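What follows is one structure encoded as structure tokens, with my remarks underneath.
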Amino acid sequence: MVKGAAGKDERPVGIDELLERVRAGYARMEAREAYEAARAGEALLVDIRYAALRERDGLIPGALVVERNELEWRLDPQGSHRAPEATGHDLRIVVICNEGYASSLAAASLHRLGLSRATDLVGGFQAWRSTGLPVTY
């Protein structure tokens, strides 16, 4: 057993269960919905894929590129290292990884910073591209 936040014994959780738990805390977005929200100025798309994937597969036009290990620092509206786009806790953020797994954990982390409208893209960049949405190289 491991000790939870309250000091109680909890059984270890596998990644599949962890993903299920964090995804239950918010509504994920499909590619077309994220595209329309970004086009309307209602959402900030944030690409957390590492450089080799971006170089290989391209970029989503208008998406903010933030390496995963910098995400919380760059999107915390109160942080000293925040990106100019991190304008407030009510910002609707759509985190995009390659296939939609790491982005779920990243969105949950943003929720813990008070960014309650953070979500992620179902299927990640690969779903975006397979839907035929814009990609630049």
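Following the order of the structure tokens, first chain is A, next is B, and so on, with residues numbered from 1 inside each chain and ligands from 1 in the order they appear.
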Using 6 Å as the limit and counting only C-alpha atoms, can you tabulate each residue of stretch 101-128 of chain A that touches stretch 78-95 of chain A, with its shortest atom-to-atom distance in Å and the two atoms involved, as JSON lines?
```
{"residue": "A:Ser103", "atom": "CA", "partner": "A:Val95", "partner_atom": "CA", "distance": 5.5}
{"residue": "A:Leu115", "atom": "CA", "partner": "A:His89", "partner_atom": "CA", "distance": 4.8}
{"residue": "A:Arg117", "atom": "CA", "partner": "A:Arg92", "partner_atom": "CA", "distance": 4.9}
{"residue": "A:Ala118", "atom": "CA", "partner": "A:Ile93", "partner_atom": "CA", "distance": 4.5}
{"residue": "A:Thr119", "atom": "CA", "partner": "A:Val94", "partner_atom": "CA", "distance": 5.0}
{"residue": "A:Asp120", "atom": "CA", "partner": "A:Val95", "partner_atom": "CA", "distance": 4.5}
```
Quick one: DSSP strand (DSSP E or B) residues in chain A, as a PyMOL selection string?
chain A and resi 2-3+9-10+29+44-47+59+64-65+93-96+119-121+136
Residues as selected, all heavy atoms, written as a compact mmCIF listing (two decimals), in the first residue's frame, can you do that?
```txt
# COMPACT_ATOMS: atom_id res chain seq x y z
N VAL A 2 0.33 2.29 -0.58
CA VAL A 2 1.00 3.59 -0.58
C VAL A 2 0.15 4.57 0.22
O VAL A 2 -1.05 4.39 0.37
CB VAL A 2 1.22 4.13 -2.01
CG1 VAL A 2 2.19 3.27 -2.77
CG2 VAL A 2 -0.07 4.28 -2.75
N LYS A 3 0.78 5.59 0.75
CA LYS A 3 0.06 6.61 1.51
C LYS A 3 -0.49 7.65 0.55
O LYS A 3 0.23 8.16 -0.30
CB LYS A 3 0.98 7.29 2.52
CG LYS A 3 1.49 6.34 3.59
CD LYS A 3 0.45 6.06 4.62
CE LYS A 3 1.05 5.19 5.73
NZ LYS A 3 0.05 4.72 6.64
N ASP A 9 -3.87 4.63 3.75
CA ASP A 9 -3.36 3.61 2.83
C ASP A 9 -4.25 3.52 1.61
O ASP A 9 -5.48 3.47 1.72
CB ASP A 9 -3.32 2.23 3.52
CG ASP A 9 -2.18 2.13 4.52
OD1 ASP A 9 -1.21 2.90 4.39
OD2 ASP A 9 -2.26 1.29 5.43
N GLU A 10 -3.65 3.55 0.44
CA GLU A 10 -4.36 3.41 -0.83
C GLU A 10 -3.62 2.39 -1.66
O GLU A 10 -2.41 2.29 -1.61
CB GLU A 10 -4.40 4.75 -1.58
CG GLU A 10 -5.15 5.83 -0.85
CD GLU A 10 -5.12 7.16 -1.60
OE1 GLU A 10 -4.58 7.22 -2.72
OE2 GLU A 10 -5.64 8.14 -1.06
N MET A 29 -12.07 17.16 -25.75
CA MET A 29 -12.54 17.74 -27.01
C MET A 29 -12.11 16.88 -28.19
O MET A 29 -11.01 16.34 -28.21
CB MET A 29 -12.00 19.15 -27.20
CG MET A 29 -12.56 20.14 -26.21
SD MET A 29 -11.98 21.82 -26.55
CE MET A 29 -13.20 22.30 -27.75
N LEU A 44 -7.35 28.24 -26.38
CA LEU A 44 -5.94 28.28 -26.69
C LEU A 44 -5.46 26.85 -26.88
O LEU A 44 -5.57 26.02 -25.97
CB LEU A 44 -5.16 28.94 -25.55
CG LEU A 44 -3.63 28.92 -25.66
CD1 LEU A 44 -3.17 29.74 -26.86
CD2 LEU A 44 -3.01 29.44 -24.36
N LEU A 45 -4.98 26.54 -28.08
CA LEU A 45 -4.42 25.22 -28.35
C LEU A 45 -2.96 25.23 -27.89
O LEU A 45 -2.21 26.15 -28.22
CB LEU A 45 -4.49 24.89 -29.84
CG LEU A 45 -5.87 24.95 -30.49
CD1 LEU A 45 -5.76 24.61 -31.97
CD2 LEU A 45 -6.86 24.05 -29.77
N VAL A 46 -2.57 24.20 -27.13
CA VAL A 46 -1.21 24.12 -26.60
C VAL A 46 -0.62 22.77 -26.98
O VAL A 46 -1.09 21.72 -26.53
CB VAL A 46 -1.19 24.31 -25.07
CG1 VAL A 46 0.24 24.20 -24.54
CG2 VAL A 46 -1.81 25.64 -24.68
N ASP A 47 0.39 22.80 -27.82
CA ASP A 47 1.07 21.61 -28.33
C ASP A 47 2.23 21.26 -27.41
O ASP A 47 3.19 22.03 -27.31
CB ASP A 47 1.56 21.90 -29.74
CG ASP A 47 2.14 20.69 -30.45
OD1 ASP A 47 2.46 19.68 -29.79
OD2 ASP A 47 2.30 20.77 -31.68
N LEU A 59 3.14 21.25 -37.50
CA LEU A 59 2.57 22.05 -36.42
C LEU A 59 1.12 22.40 -36.71
O LEU A 59 0.72 22.50 -37.88
CB LEU A 59 3.34 23.36 -36.27
CG LEU A 59 4.81 23.27 -35.90
CD1 LEU A 59 5.49 24.61 -36.09
CD2 LEU A 59 4.95 22.80 -34.47
N LEU A 64 0.12 27.28 -29.42
CA LEU A 64 1.25 27.64 -28.60
C LEU A 64 2.05 26.37 -28.34
O LEU A 64 1.49 25.37 -27.89
CB LEU A 64 0.76 28.24 -27.28
CG LEU A 64 1.83 28.58 -26.23
CD1 LEU A 64 2.75 29.69 -26.74
CD2 LEU A 64 1.16 28.99 -24.92
N VAL A 65 3.33 26.39 -28.65
CA VAL A 65 4.19 25.23 -28.41
C VAL A 65 4.87 25.41 -27.06
O VAL A 65 5.56 26.40 -26.83
CB VAL A 65 5.25 25.08 -29.53
CG1 VAL A 65 6.23 23.95 -29.20
CG2 VAL A 65 4.57 24.83 -30.87
N ILE A 93 -8.13 26.06 -22.26
CA ILE A 93 -6.89 25.52 -22.81
C ILE A 93 -7.16 24.10 -23.32
O ILE A 93 -7.76 23.30 -22.61
CB ILE A 93 -5.79 25.47 -21.73
CG1 ILE A 93 -5.48 26.88 -21.24
CG2 ILE A 93 -4.54 24.78 -22.26
CD1 ILE A 93 -4.64 26.92 -19.99
N VAL A 94 -6.69 23.81 -24.54
CA VAL A 94 -6.78 22.46 -25.09
C VAL A 94 -5.35 21.96 -25.27
O VAL A 94 -4.63 22.44 -26.14
CB VAL A 94 -7.53 22.43 -26.44
CG1 VAL A 94 -7.64 21.00 -26.95
CG2 VAL A 94 -8.91 23.07 -26.31
N VAL A 95 -4.95 21.02 -24.44
CA VAL A 95 -3.61 20.46 -24.49
C VAL A 95 -3.57 19.35 -25.53
O VAL A 95 -4.46 18.50 -25.59
CB VAL A 95 -3.18 19.91 -23.11
CG1 VAL A 95 -1.75 19.40 -23.16
CG2 VAL A 95 -3.34 20.97 -22.03
N ILE A 96 -2.52 19.38 -26.36
CA ILE A 96 -2.40 18.42 -27.46
C ILE A 96 -1.04 17.73 -27.36
O ILE A 96 0.01 18.39 -27.38
CB ILE A 96 -2.52 19.14 -28.82
CG1 ILE A 96 -3.85 19.88 -28.89
CG2 ILE A 96 -2.37 18.14 -29.97
CD1 ILE A 96 -3.94 20.89 -30.02
N THR A 119 -8.52 21.23 -20.86
CA THR A 119 -8.94 19.94 -21.36
C THR A 119 -7.86 19.43 -22.30
O THR A 119 -6.80 20.03 -22.42
CB THR A 119 -10.32 20.04 -22.07
OG1 THR A 119 -10.76 18.72 -22.41
CG2 THR A 119 -10.26 20.90 -23.30
N ASP A 120 -8.14 18.30 -22.96
CA ASP A 120 -7.18 17.81 -23.94
C ASP A 120 -7.91 17.28 -25.17
O ASP A 120 -9.12 17.15 -25.18
CB ASP A 120 -6.23 16.78 -23.34
CG ASP A 120 -6.84 15.42 -23.11
OD1 ASP A 120 -7.97 15.35 -22.59
OD2 ASP A 120 -6.20 14.41 -23.46
N LEU A 121 -7.13 17.03 -26.19
CA LEU A 121 -7.66 16.61 -27.48
C LEU A 121 -7.69 15.09 -27.57
O LEU A 121 -6.65 14.43 -27.45
CB LEU A 121 -6.78 17.18 -28.60
CG LEU A 121 -7.27 16.97 -30.02
CD1 LEU A 121 -8.55 17.75 -30.27
CD2 LEU A 121 -6.19 17.39 -31.01
N THR A 136 1.02 22.77 -40.63
CA THR A 136 2.10 23.42 -41.38
C THR A 136 3.41 22.69 -41.11
O THR A 136 3.58 22.08 -40.06
CB THR A 136 2.26 24.90 -40.99
OG1 THR A 136 2.55 24.99 -39.60
CG2 THR A 136 1.01 25.69 -41.30
```
Nearest to A:Arg112, restricted to only C-alpha atoms and choosing among A:Leu75, A:Leu19, A:Arg49, A:Asp57, comes out as A:Leu75
Between A:Ala63, A:Ala108, A:Ala27, A:Ala51, which one has atoms that come closest to A:Arg39, using only C-alpha atoms?
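Selected residue with least distance to A:Arg39: A:Ala63.
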